[in-house]
>>> print(open('coords11.cif').read())   # mmCIF, N, CA and C atoms, pLDDT in the B column; chains and numbers go by the auth columns
data_input
loop_
_atom_site.group_PDB
_atom_site.id
_atom_site.type_symbol
_atom_site.label_atom_id
_atom_site.label_comp_id
_atom_site.label_asym_id
_atom_site.label_seq_id
_atom_site.Cartn_x
_atom_site.Cartn_y
_atom_site.Cartn_z
_atom_site.B_iso_or_equiv
_atom_site.auth_seq_id
_atom_site.auth_asym_id
ATOM 1 N N MET A 1 -68.731 -70.591 -78.870 85.00 1272 O
ATOM 2 C CA MET A 1 -69.429 -69.447 -79.431 85.00 1272 O
ATOM 3 C C MET A 1 -68.677 -68.974 -80.676 85.00 1272 O
ATOM 4 N N LEU A 2 -69.413 -68.791 -81.755 91.00 1273 O
ATOM 5 C CA LEU A 2 -68.855 -68.284 -83.000 91.00 1273 O
ATOM 6 C C LEU A 2 -68.673 -66.779 -82.889 91.00 1273 O
ATOM 7 N N THR A 3 -67.479 -66.298 -83.246 94.00 1274 O
ATOM 8 C CA THR A 3 -67.216 -64.859 -83.289 94.00 1274 O
ATOM 9 C C THR A 3 -66.576 -64.527 -84.623 94.00 1274 O
ATOM 10 N N THR A 4 -66.726 -63.277 -85.026 96.00 1275 O
ATOM 11 C CA THR A 4 -66.159 -62.805 -86.285 96.00 1275 O
ATOM 12 C C THR A 4 -65.517 -61.454 -86.038 96.00 1275 O
ATOM 13 N N LYS A 5 -64.327 -61.260 -86.610 97.00 1276 O
ATOM 14 C CA LYS A 5 -63.579 -60.017 -86.420 97.00 1276 O
ATOM 15 C C LYS A 5 -63.655 -59.183 -87.702 97.00 1276 O
ATOM 16 N N PHE A 6 -63.823 -57.876 -87.516 98.00 1277 O
ATOM 17 C CA PHE A 6 -63.920 -56.935 -88.627 98.00 1277 O
ATOM 18 C C PHE A 6 -63.029 -55.730 -88.379 98.00 1277 O
ATOM 19 N N ARG A 7 -62.611 -55.119 -89.461 98.00 1278 O
ATOM 20 C CA ARG A 7 -62.070 -53.757 -89.423 98.00 1278 O
ATOM 21 C C ARG A 7 -63.140 -52.888 -90.044 98.00 1278 O
ATOM 22 N N VAL A 8 -63.471 -51.806 -89.359 98.00 1279 O
ATOM 23 C CA VAL A 8 -64.541 -50.921 -89.790 98.00 1279 O
ATOM 24 C C VAL A 8 -63.980 -49.506 -89.909 98.00 1279 O
ATOM 25 N N TRP A 9 -64.232 -48.873 -91.055 98.00 1280 O
ATOM 26 C CA TRP A 9 -63.809 -47.501 -91.283 98.00 1280 O
ATOM 27 C C TRP A 9 -64.998 -46.583 -91.106 98.00 1280 O
ATOM 28 N N LEU A 10 -64.767 -45.468 -90.416 97.00 1281 O
ATOM 29 C CA LEU A 10 -65.816 -44.513 -90.098 97.00 1281 O
ATOM 30 C C LEU A 10 -65.800 -43.342 -91.083 97.00 1281 O
ATOM 31 N N GLN A 11 -66.982 -42.779 -91.320 96.00 1282 O
ATOM 32 C CA GLN A 11 -67.073 -41.583 -92.172 96.00 1282 O
ATOM 33 C C GLN A 11 -66.350 -40.407 -91.521 96.00 1282 O
ATOM 34 N N ASP A 12 -66.544 -40.247 -90.227 95.00 1283 O
ATOM 35 C CA ASP A 12 -65.914 -39.156 -89.481 95.00 1283 O
ATOM 36 C C ASP A 12 -65.380 -39.730 -88.175 95.00 1283 O
ATOM 37 N N PRO A 13 -64.067 -39.833 -88.016 91.00 1284 O
ATOM 38 C CA PRO A 13 -63.504 -40.450 -86.808 91.00 1284 O
ATOM 39 C C PRO A 13 -63.824 -39.708 -85.511 91.00 1284 O
ATOM 40 N N ARG A 14 -64.302 -38.474 -85.609 91.00 1285 O
ATOM 41 C CA ARG A 14 -64.640 -37.720 -84.401 91.00 1285 O
ATOM 42 C C ARG A 14 -66.007 -38.105 -83.847 91.00 1285 O
ATOM 43 N N ILE A 15 -66.831 -38.767 -84.659 89.00 1286 O
ATOM 44 C CA ILE A 15 -68.167 -39.169 -84.226 89.00 1286 O
ATOM 45 C C ILE A 15 -68.126 -40.630 -83.799 89.00 1286 O
ATOM 46 N N PRO A 16 -68.480 -40.931 -82.536 89.00 1287 O
ATOM 47 C CA PRO A 16 -68.434 -42.329 -82.079 89.00 1287 O
ATOM 48 C C PRO A 16 -69.500 -43.171 -82.785 89.00 1287 O
ATOM 49 N N PRO A 17 -69.148 -44.394 -83.158 93.00 1288 O
ATOM 50 C CA PRO A 17 -70.104 -45.256 -83.853 93.00 1288 O
ATOM 51 C C PRO A 17 -71.213 -45.750 -82.929 93.00 1288 O
ATOM 52 N N VAL A 18 -72.322 -46.109 -83.530 93.00 1289 O
ATOM 53 C CA VAL A 18 -73.475 -46.665 -82.828 93.00 1289 O
ATOM 54 C C VAL A 18 -73.538 -48.142 -83.181 93.00 1289 O
ATOM 55 N N TRP A 19 -73.623 -49.016 -82.183 95.00 1290 O
ATOM 56 C CA TRP A 19 -73.588 -50.468 -82.419 95.00 1290 O
ATOM 57 C C TRP A 19 -74.962 -51.116 -82.194 95.00 1290 O
ATOM 58 N N THR A 20 -76.032 -50.417 -82.455 95.00 1291 O
ATOM 59 C CA THR A 20 -77.388 -50.900 -82.218 95.00 1291 O
ATOM 60 C C THR A 20 -77.634 -52.238 -82.913 95.00 1291 O
ATOM 61 N N GLY A 21 -78.024 -53.241 -82.128 95.00 1292 O
ATOM 62 C CA GLY A 21 -78.355 -54.550 -82.680 95.00 1292 O
ATOM 63 C C GLY A 21 -77.174 -55.471 -82.906 95.00 1292 O
ATOM 64 N N VAL A 22 -75.970 -55.004 -82.572 97.00 1293 O
ATOM 65 C CA VAL A 22 -74.748 -55.799 -82.770 97.00 1293 O
ATOM 66 C C VAL A 22 -74.206 -56.187 -81.398 97.00 1293 O
ATOM 67 N N LYS A 23 -73.936 -57.465 -81.201 97.00 1294 O
ATOM 68 C CA LYS A 23 -73.377 -57.929 -79.933 97.00 1294 O
ATOM 69 C C LYS A 23 -71.860 -57.954 -80.038 97.00 1294 O
ATOM 70 N N LEU A 24 -71.219 -56.997 -79.380 97.00 1295 O
ATOM 71 C CA LEU A 24 -69.768 -56.916 -79.378 97.00 1295 O
ATOM 72 C C LEU A 24 -69.221 -57.889 -78.331 97.00 1295 O
ATOM 73 N N VAL A 25 -68.154 -58.600 -78.687 96.00 1296 O
ATOM 74 C CA VAL A 25 -67.520 -59.536 -77.759 96.00 1296 O
ATOM 75 C C VAL A 25 -66.579 -58.776 -76.831 96.00 1296 O
ATOM 76 N N ASP A 26 -65.803 -57.856 -77.365 93.00 1297 O
ATOM 77 C CA ASP A 26 -64.863 -57.025 -76.603 93.00 1297 O
ATOM 78 C C ASP A 26 -65.117 -55.567 -76.960 93.00 1297 O
ATOM 79 N N LEU A 27 -64.477 -54.680 -76.248 95.00 1298 O
ATOM 80 C CA LEU A 27 -64.549 -53.273 -76.612 95.00 1298 O
ATOM 81 C C LEU A 27 -63.862 -53.064 -77.955 95.00 1298 O
ATOM 82 N N PRO A 28 -64.389 -52.183 -78.795 95.00 1299 O
ATOM 83 C CA PRO A 28 -63.742 -51.878 -80.069 95.00 1299 O
ATOM 84 C C PRO A 28 -62.343 -51.319 -79.831 95.00 1299 O
ATOM 85 N N GLU A 29 -61.425 -51.688 -80.710 95.00 1300 O
ATOM 86 C CA GLU A 29 -60.039 -51.233 -80.602 95.00 1300 O
ATOM 87 C C GLU A 29 -59.718 -50.347 -81.794 95.00 1300 O
ATOM 88 N N TYR A 30 -59.265 -49.120 -81.509 93.00 1301 O
ATOM 89 C CA TYR A 30 -58.906 -48.201 -82.592 93.00 1301 O
ATOM 90 C C TYR A 30 -57.552 -48.609 -83.161 93.00 1301 O
ATOM 91 N N VAL A 31 -57.520 -48.911 -84.461 94.00 1302 O
ATOM 92 C CA VAL A 31 -56.308 -49.338 -85.148 94.00 1302 O
ATOM 93 C C VAL A 31 -55.546 -48.128 -85.653 94.00 1302 O
ATOM 94 N N GLU A 32 -56.268 -47.185 -86.209 91.00 1303 O
ATOM 95 C CA GLU A 32 -55.718 -45.929 -86.710 91.00 1303 O
ATOM 96 C C GLU A 32 -56.869 -44.936 -86.754 91.00 1303 O
ATOM 97 N N ALA A 33 -56.597 -43.707 -87.101 87.00 1304 O
ATOM 98 C CA ALA A 33 -57.665 -42.709 -87.143 87.00 1304 O
ATOM 99 C C ALA A 33 -58.755 -43.149 -88.115 87.00 1304 O
ATOM 100 N N GLY A 34 -59.952 -43.275 -87.587 93.00 1305 O
ATOM 101 C CA GLY A 34 -61.083 -43.633 -88.430 93.00 1305 O
ATOM 102 C C GLY A 34 -61.240 -45.110 -88.711 93.00 1305 O
ATOM 103 N N CYS A 35 -60.415 -45.959 -88.107 96.00 1306 O
ATOM 104 C CA CYS A 35 -60.477 -47.406 -88.332 96.00 1306 O
ATOM 105 C C CYS A 35 -60.535 -48.128 -86.986 96.00 1306 O
ATOM 106 N N ILE A 36 -61.558 -48.962 -86.844 97.00 1307 O
ATOM 107 C CA ILE A 36 -61.781 -49.697 -85.603 97.00 1307 O
ATOM 108 C C ILE A 36 -61.758 -51.189 -85.898 97.00 1307 O
ATOM 109 N N GLU A 37 -61.130 -51.958 -85.011 97.00 1308 O
ATOM 110 C CA GLU A 37 -61.192 -53.413 -85.088 97.00 1308 O
ATOM 111 C C GLU A 37 -62.177 -53.871 -84.030 97.00 1308 O
ATOM 112 N N VAL A 38 -63.150 -54.679 -84.448 97.00 1309 O
ATOM 113 C CA VAL A 38 -64.211 -55.094 -83.558 97.00 1309 O
ATOM 114 C C VAL A 38 -64.487 -56.582 -83.759 97.00 1309 O
ATOM 115 N N THR A 39 -64.760 -57.282 -82.663 96.00 1310 O
ATOM 116 C CA THR A 39 -65.145 -58.689 -82.709 96.00 1310 O
ATOM 117 C C THR A 39 -66.599 -58.780 -82.282 96.00 1310 O
ATOM 118 N N VAL A 40 -67.396 -59.430 -83.121 97.00 1311 O
ATOM 119 C CA VAL A 40 -68.826 -59.544 -82.850 97.00 1311 O
ATOM 120 C C VAL A 40 -69.205 -61.003 -82.630 97.00 1311 O
ATOM 121 N N GLU A 41 -70.308 -61.187 -81.945 95.00 1312 O
ATOM 122 C CA GLU A 41 -70.846 -62.523 -81.728 95.00 1312 O
ATOM 123 C C GLU A 41 -71.556 -62.959 -83.011 95.00 1312 O
ATOM 124 N N GLY A 42 -71.341 -64.207 -83.409 94.00 1313 O
ATOM 125 C CA GLY A 42 -71.993 -64.741 -84.603 94.00 1313 O
ATOM 126 C C GLY A 42 -71.158 -64.556 -85.852 94.00 1313 O
ATOM 127 N N ASN A 43 -71.837 -64.613 -87.003 94.00 1314 O
ATOM 128 C CA ASN A 43 -71.129 -64.547 -88.286 94.00 1314 O
ATOM 129 C C ASN A 43 -70.981 -63.132 -88.833 94.00 1314 O
ATOM 130 N N GLY A 44 -71.434 -62.138 -88.102 95.00 1315 O
ATOM 131 C CA GLY A 44 -71.274 -60.746 -88.520 95.00 1315 O
ATOM 132 C C GLY A 44 -72.423 -60.200 -89.341 95.00 1315 O
ATOM 133 N N HIS A 45 -73.477 -60.983 -89.525 96.00 1316 O
ATOM 134 C CA HIS A 45 -74.613 -60.543 -90.322 96.00 1316 O
ATOM 135 C C HIS A 45 -75.213 -59.243 -89.785 96.00 1316 O
ATOM 136 N N ASN A 46 -75.365 -59.140 -88.473 97.00 1317 O
ATOM 137 C CA ASN A 46 -75.949 -57.926 -87.874 97.00 1317 O
ATOM 138 C C ASN A 46 -75.073 -56.703 -88.107 97.00 1317 O
ATOM 139 N N LEU A 47 -73.761 -56.868 -88.048 97.00 1318 O
ATOM 140 C CA LEU A 47 -72.863 -55.745 -88.286 97.00 1318 O
ATOM 141 C C LEU A 47 -72.919 -55.312 -89.749 97.00 1318 O
ATOM 142 N N ARG A 48 -72.900 -56.261 -90.663 97.00 1319 O
ATOM 143 C CA ARG A 48 -72.974 -55.914 -92.089 97.00 1319 O
ATOM 144 C C ARG A 48 -74.282 -55.187 -92.405 97.00 1319 O
ATOM 145 N N ARG A 49 -75.380 -55.615 -91.798 97.00 1320 O
ATOM 146 C CA ARG A 49 -76.678 -54.972 -92.011 97.00 1320 O
ATOM 147 C C ARG A 49 -76.668 -53.550 -91.442 97.00 1320 O
ATOM 148 N N LEU A 50 -76.093 -53.377 -90.240 97.00 1321 O
ATOM 149 C CA LEU A 50 -76.004 -52.044 -89.635 97.00 1321 O
ATOM 150 C C LEU A 50 -75.179 -51.106 -90.512 97.00 1321 O
ATOM 151 N N ILE A 51 -74.058 -51.579 -91.020 97.00 1322 O
ATOM 152 C CA ILE A 51 -73.195 -50.749 -91.870 97.00 1322 O
ATOM 153 C C ILE A 51 -73.932 -50.333 -93.136 97.00 1322 O
ATOM 154 N N ALA A 52 -74.704 -51.246 -93.719 97.00 1323 O
ATOM 155 C CA ALA A 52 -75.481 -50.918 -94.923 97.00 1323 O
ATOM 156 C C ALA A 52 -76.569 -49.881 -94.638 97.00 1323 O
ATOM 157 N N LYS A 53 -77.156 -49.935 -93.438 96.00 1324 O
ATOM 158 C CA LYS A 53 -78.225 -49.000 -93.077 96.00 1324 O
ATOM 159 C C LYS A 53 -77.708 -47.635 -92.648 96.00 1324 O
ATOM 160 N N ARG A 54 -76.458 -47.558 -92.217 96.00 1325 O
ATOM 161 C CA ARG A 54 -75.933 -46.311 -91.660 96.00 1325 O
ATOM 162 C C ARG A 54 -74.694 -45.803 -92.401 96.00 1325 O
ATOM 163 N N PRO A 55 -74.841 -45.469 -93.700 95.00 1326 O
ATOM 164 C CA PRO A 55 -73.684 -44.936 -94.427 95.00 1326 O
ATOM 165 C C PRO A 55 -73.240 -43.569 -93.918 95.00 1326 O
ATOM 166 N N ASP A 56 -74.066 -42.932 -93.075 95.00 1327 O
ATOM 167 C CA ASP A 56 -73.672 -41.664 -92.478 95.00 1327 O
ATOM 168 C C ASP A 56 -72.619 -41.858 -91.393 95.00 1327 O
ATOM 169 N N ILE A 57 -72.509 -43.078 -90.850 96.00 1328 O
ATOM 170 C CA ILE A 57 -71.539 -43.373 -89.795 96.00 1328 O
ATOM 171 C C ILE A 57 -70.374 -44.210 -90.332 96.00 1328 O
ATOM 172 N N PHE A 58 -70.699 -45.262 -91.092 97.00 1329 O
ATOM 173 C CA PHE A 58 -69.702 -46.235 -91.525 97.00 1329 O
ATOM 174 C C PHE A 58 -69.361 -46.065 -93.006 97.00 1329 O
ATOM 175 N N ALA A 59 -68.061 -46.057 -93.311 97.00 1330 O
ATOM 176 C CA ALA A 59 -67.615 -45.888 -94.687 97.00 1330 O
ATOM 177 C C ALA A 59 -67.375 -47.231 -95.372 97.00 1330 O
ATOM 178 N N ALA A 60 -66.786 -48.186 -94.655 97.00 1331 O
ATOM 179 C CA ALA A 60 -66.441 -49.480 -95.254 97.00 1331 O
ATOM 180 C C ALA A 60 -66.118 -50.464 -94.142 97.00 1331 O
ATOM 181 N N TYR A 61 -66.013 -51.733 -94.524 97.00 1332 O
ATOM 182 C CA TYR A 61 -65.599 -52.753 -93.562 97.00 1332 O
ATOM 183 C C TYR A 61 -64.821 -53.844 -94.287 97.00 1332 O
ATOM 184 N N LEU A 62 -64.062 -54.589 -93.509 97.00 1333 O
ATOM 185 C CA LEU A 62 -63.306 -55.727 -94.011 97.00 1333 O
ATOM 186 C C LEU A 62 -63.445 -56.836 -92.988 97.00 1333 O
ATOM 187 N N GLN A 63 -63.942 -57.971 -93.434 96.00 1334 O
ATOM 188 C CA GLN A 63 -64.043 -59.122 -92.530 96.00 1334 O
ATOM 189 C C GLN A 63 -62.676 -59.793 -92.482 96.00 1334 O
ATOM 190 N N MET A 64 -62.148 -59.969 -91.279 94.00 1335 O
ATOM 191 C CA MET A 64 -60.825 -60.530 -91.099 94.00 1335 O
ATOM 192 C C MET A 64 -60.898 -62.061 -91.154 94.00 1335 O
ATOM 193 N N PRO A 65 -59.862 -62.720 -91.657 90.00 1336 O
ATOM 194 C CA PRO A 65 -59.857 -64.191 -91.670 90.00 1336 O
ATOM 195 C C PRO A 65 -59.792 -64.735 -90.244 90.00 1336 O
ATOM 196 N N PRO A 66 -60.363 -65.907 -90.022 80.00 1337 O
ATOM 197 C CA PRO A 66 -60.299 -66.510 -88.679 80.00 1337 O
ATOM 198 C C PRO A 66 -58.854 -66.751 -88.260 80.00 1337 O
ATOM 199 N N GLU A 67 -58.616 -66.598 -86.969 70.00 1338 O
ATOM 200 C CA GLU A 67 -57.275 -66.838 -86.439 70.00 1338 O
ATOM 201 C C GLU A 67 -57.062 -68.330 -86.240 70.00 1338 O
ATOM 202 N N GLU A 68 -55.865 -68.783 -86.502 61.00 1339 O
ATOM 203 C CA GLU A 68 -55.520 -70.185 -86.290 61.00 1339 O
ATOM 204 C C GLU A 68 -55.307 -70.421 -84.799 61.00 1339 O
ATOM 205 N N PRO A 69 -55.807 -71.544 -84.263 60.00 1340 O
ATOM 206 C CA PRO A 69 -55.633 -71.816 -82.828 60.00 1340 O
ATOM 207 C C PRO A 69 -54.187 -72.116 -82.463 60.00 1340 O
#
>>> encode(input="coords11.cif", output="structure tokens")
Amino acid sequence: MLTTKFRVWLQDPRIPPVWTGVKLVDLPEYVEAGCIEVTVEGNGHNLRRLIAKRPDIFAAYLQMPPEEP
């Protein structure tokens, strides 16, 4: 199964993000205030689309490089 890891920054860290339409592989992990590390199923297209549609929740994202086995 293809998975992709992202760091996602929230507009307001007090408001929990909505993951509608995104298949999360694991529970999101808070890296720092307002920044979540999340692994999604697939190439991340659904997450990028959700972030573009919901600028009220998400401020930015960074796609992480694949981990070496």
>>> closest_residue(input="coords11.cif", among="O:Val1311, O:Leu1333, O:Ala1304, O:Ile1328", to="Pro1288 of chain O", atoms="only N, CA and C atoms")
O:Ile1328
>>> atom_distance(input="coords11.cif", atom1="atom N of Val1302 of chain O", atom2="atom N of Asn1314 of chain O")
21.4 Å
>>> closest_residue(input="coords11.cif", among="O:Val1296, O:Pro1284, O:Leu1321, O:Asp1327", to="Val1309 of chain O", atoms="all atoms listed in the file")
O:Val1296
>>> closest_residue(input="coords11.cif", among="O:Ile1307, O:Arg1320, O:Glu1338, O:Leu1295", to="Asp1283 of chain O", atoms="only C-alpha atoms")
O:Ile1307
>>> select_by_dssp(input="coords11.cif", residues="chain O", states="helix (DSSP H, G or I)", output="list of chain:residue names")
O:His1316, O:Asn1317, O:Leu1318, O:Arg1319, O:Arg1320, O:Leu1321, O:Ile1322, O:Ala1323, O:Lys1324
>>> resolve_selection(input="coords11.cif", expression="the PyMOL selection byres ((chain O and resi 1278) around 6)", output="list in words")
Lys1276, Phe1277, Val1279, Trp1280, Ile1307, Glu1308, Val1309, Ala1331, Tyr1332, Leu1333, Gln1334 and Met1335 of chain O
>>> atom_distance(input="coords11.cif", atom1="atom CA of Leu1298 of chain O", atom2="atom CA of Thr1310 of chain O")
8.2 Å
>>> build_atoms(input="coords11.cif", residues="segment 1306-1317 of chain O", atoms="all heavy atoms", output="compact mmCIF listing (two decimals), in the coordinates of the input")
# COMPACT_ATOMS: atom_id res chain seq x y z
N CYS O 1306 -60.42 -45.96 -88.11
CA CYS O 1306 -60.48 -47.41 -88.33
C CYS O 1306 -60.54 -48.13 -86.99
O CYS O 1306 -59.68 -47.93 -86.13
CB CYS O 1306 -59.28 -47.89 -89.13
SG CYS O 1306 -59.33 -49.66 -89.47
N ILE O 1307 -61.56 -48.96 -86.84
CA ILE O 1307 -61.78 -49.70 -85.60
C ILE O 1307 -61.76 -51.19 -85.90
O ILE O 1307 -62.29 -51.63 -86.90
CB ILE O 1307 -63.16 -49.34 -85.00
CG1 ILE O 1307 -63.22 -47.86 -84.68
CG2 ILE O 1307 -63.46 -50.18 -83.78
CD1 ILE O 1307 -64.59 -47.40 -84.25
N GLU O 1308 -61.13 -51.96 -85.01
CA GLU O 1308 -61.19 -53.41 -85.09
C GLU O 1308 -62.18 -53.87 -84.03
O GLU O 1308 -62.09 -53.48 -82.87
CB GLU O 1308 -59.82 -54.02 -84.85
CG GLU O 1308 -59.75 -55.47 -85.28
CD GLU O 1308 -58.34 -55.97 -85.37
OE1 GLU O 1308 -57.72 -55.76 -86.43
OE2 GLU O 1308 -57.87 -56.53 -84.38
N VAL O 1309 -63.15 -54.68 -84.45
CA VAL O 1309 -64.21 -55.09 -83.56
C VAL O 1309 -64.49 -56.58 -83.76
O VAL O 1309 -64.42 -57.09 -84.87
CB VAL O 1309 -65.48 -54.25 -83.79
CG1 VAL O 1309 -66.00 -54.35 -85.19
CG2 VAL O 1309 -66.56 -54.58 -82.81
N THR O 1310 -64.76 -57.28 -82.66
CA THR O 1310 -65.14 -58.69 -82.71
C THR O 1310 -66.60 -58.78 -82.28
O THR O 1310 -66.98 -58.25 -81.24
CB THR O 1310 -64.26 -59.54 -81.78
OG1 THR O 1310 -62.89 -59.36 -82.16
CG2 THR O 1310 -64.62 -61.01 -81.89
N VAL O 1311 -67.40 -59.43 -83.12
CA VAL O 1311 -68.83 -59.54 -82.85
C VAL O 1311 -69.20 -61.00 -82.63
O VAL O 1311 -68.53 -61.91 -83.09
CB VAL O 1311 -69.66 -58.95 -84.00
CG1 VAL O 1311 -69.37 -57.48 -84.18
CG2 VAL O 1311 -69.45 -59.70 -85.30
N GLU O 1312 -70.31 -61.19 -81.94
CA GLU O 1312 -70.85 -62.52 -81.73
C GLU O 1312 -71.56 -62.96 -83.01
O GLU O 1312 -72.25 -62.17 -83.64
CB GLU O 1312 -71.85 -62.45 -80.57
CG GLU O 1312 -72.21 -63.77 -79.99
CD GLU O 1312 -73.07 -63.61 -78.76
OE1 GLU O 1312 -72.55 -63.16 -77.72
OE2 GLU O 1312 -74.27 -63.93 -78.86
N GLY O 1313 -71.34 -64.21 -83.41
CA GLY O 1313 -71.99 -64.74 -84.60
C GLY O 1313 -71.16 -64.56 -85.85
O GLY O 1313 -69.95 -64.32 -85.79
N ASN O 1314 -71.84 -64.61 -87.00
CA ASN O 1314 -71.13 -64.55 -88.29
C ASN O 1314 -70.98 -63.13 -88.83
O ASN O 1314 -70.47 -62.94 -89.93
CB ASN O 1314 -71.82 -65.43 -89.32
CG ASN O 1314 -73.22 -64.95 -89.67
OD1 ASN O 1314 -73.66 -63.90 -89.21
ND2 ASN O 1314 -73.92 -65.72 -90.47
N GLY O 1315 -71.43 -62.14 -88.10
CA GLY O 1315 -71.27 -60.75 -88.52
C GLY O 1315 -72.42 -60.20 -89.34
O GLY O 1315 -72.38 -59.06 -89.79
N HIS O 1316 -73.48 -60.98 -89.52
CA HIS O 1316 -74.61 -60.54 -90.32
C HIS O 1316 -75.21 -59.24 -89.78
O HIS O 1316 -75.52 -58.33 -90.56
CB HIS O 1316 -75.68 -61.65 -90.37
CG HIS O 1316 -76.93 -61.24 -91.05
ND1 HIS O 1316 -77.01 -61.10 -92.41
CD2 HIS O 1316 -78.15 -60.89 -90.55
CE1 HIS O 1316 -78.23 -60.71 -92.74
NE2 HIS O 1316 -78.94 -60.58 -91.62
N ASN O 1317 -75.36 -59.14 -88.47
CA ASN O 1317 -75.95 -57.93 -87.87
C ASN O 1317 -75.07 -56.70 -88.11
O ASN O 1317 -75.59 -55.62 -88.36
CB ASN O 1317 -76.18 -58.12 -86.38
CG ASN O 1317 -77.29 -59.10 -86.08
OD1 ASN O 1317 -78.13 -59.37 -86.93
ND2 ASN O 1317 -77.27 -59.66 -84.89
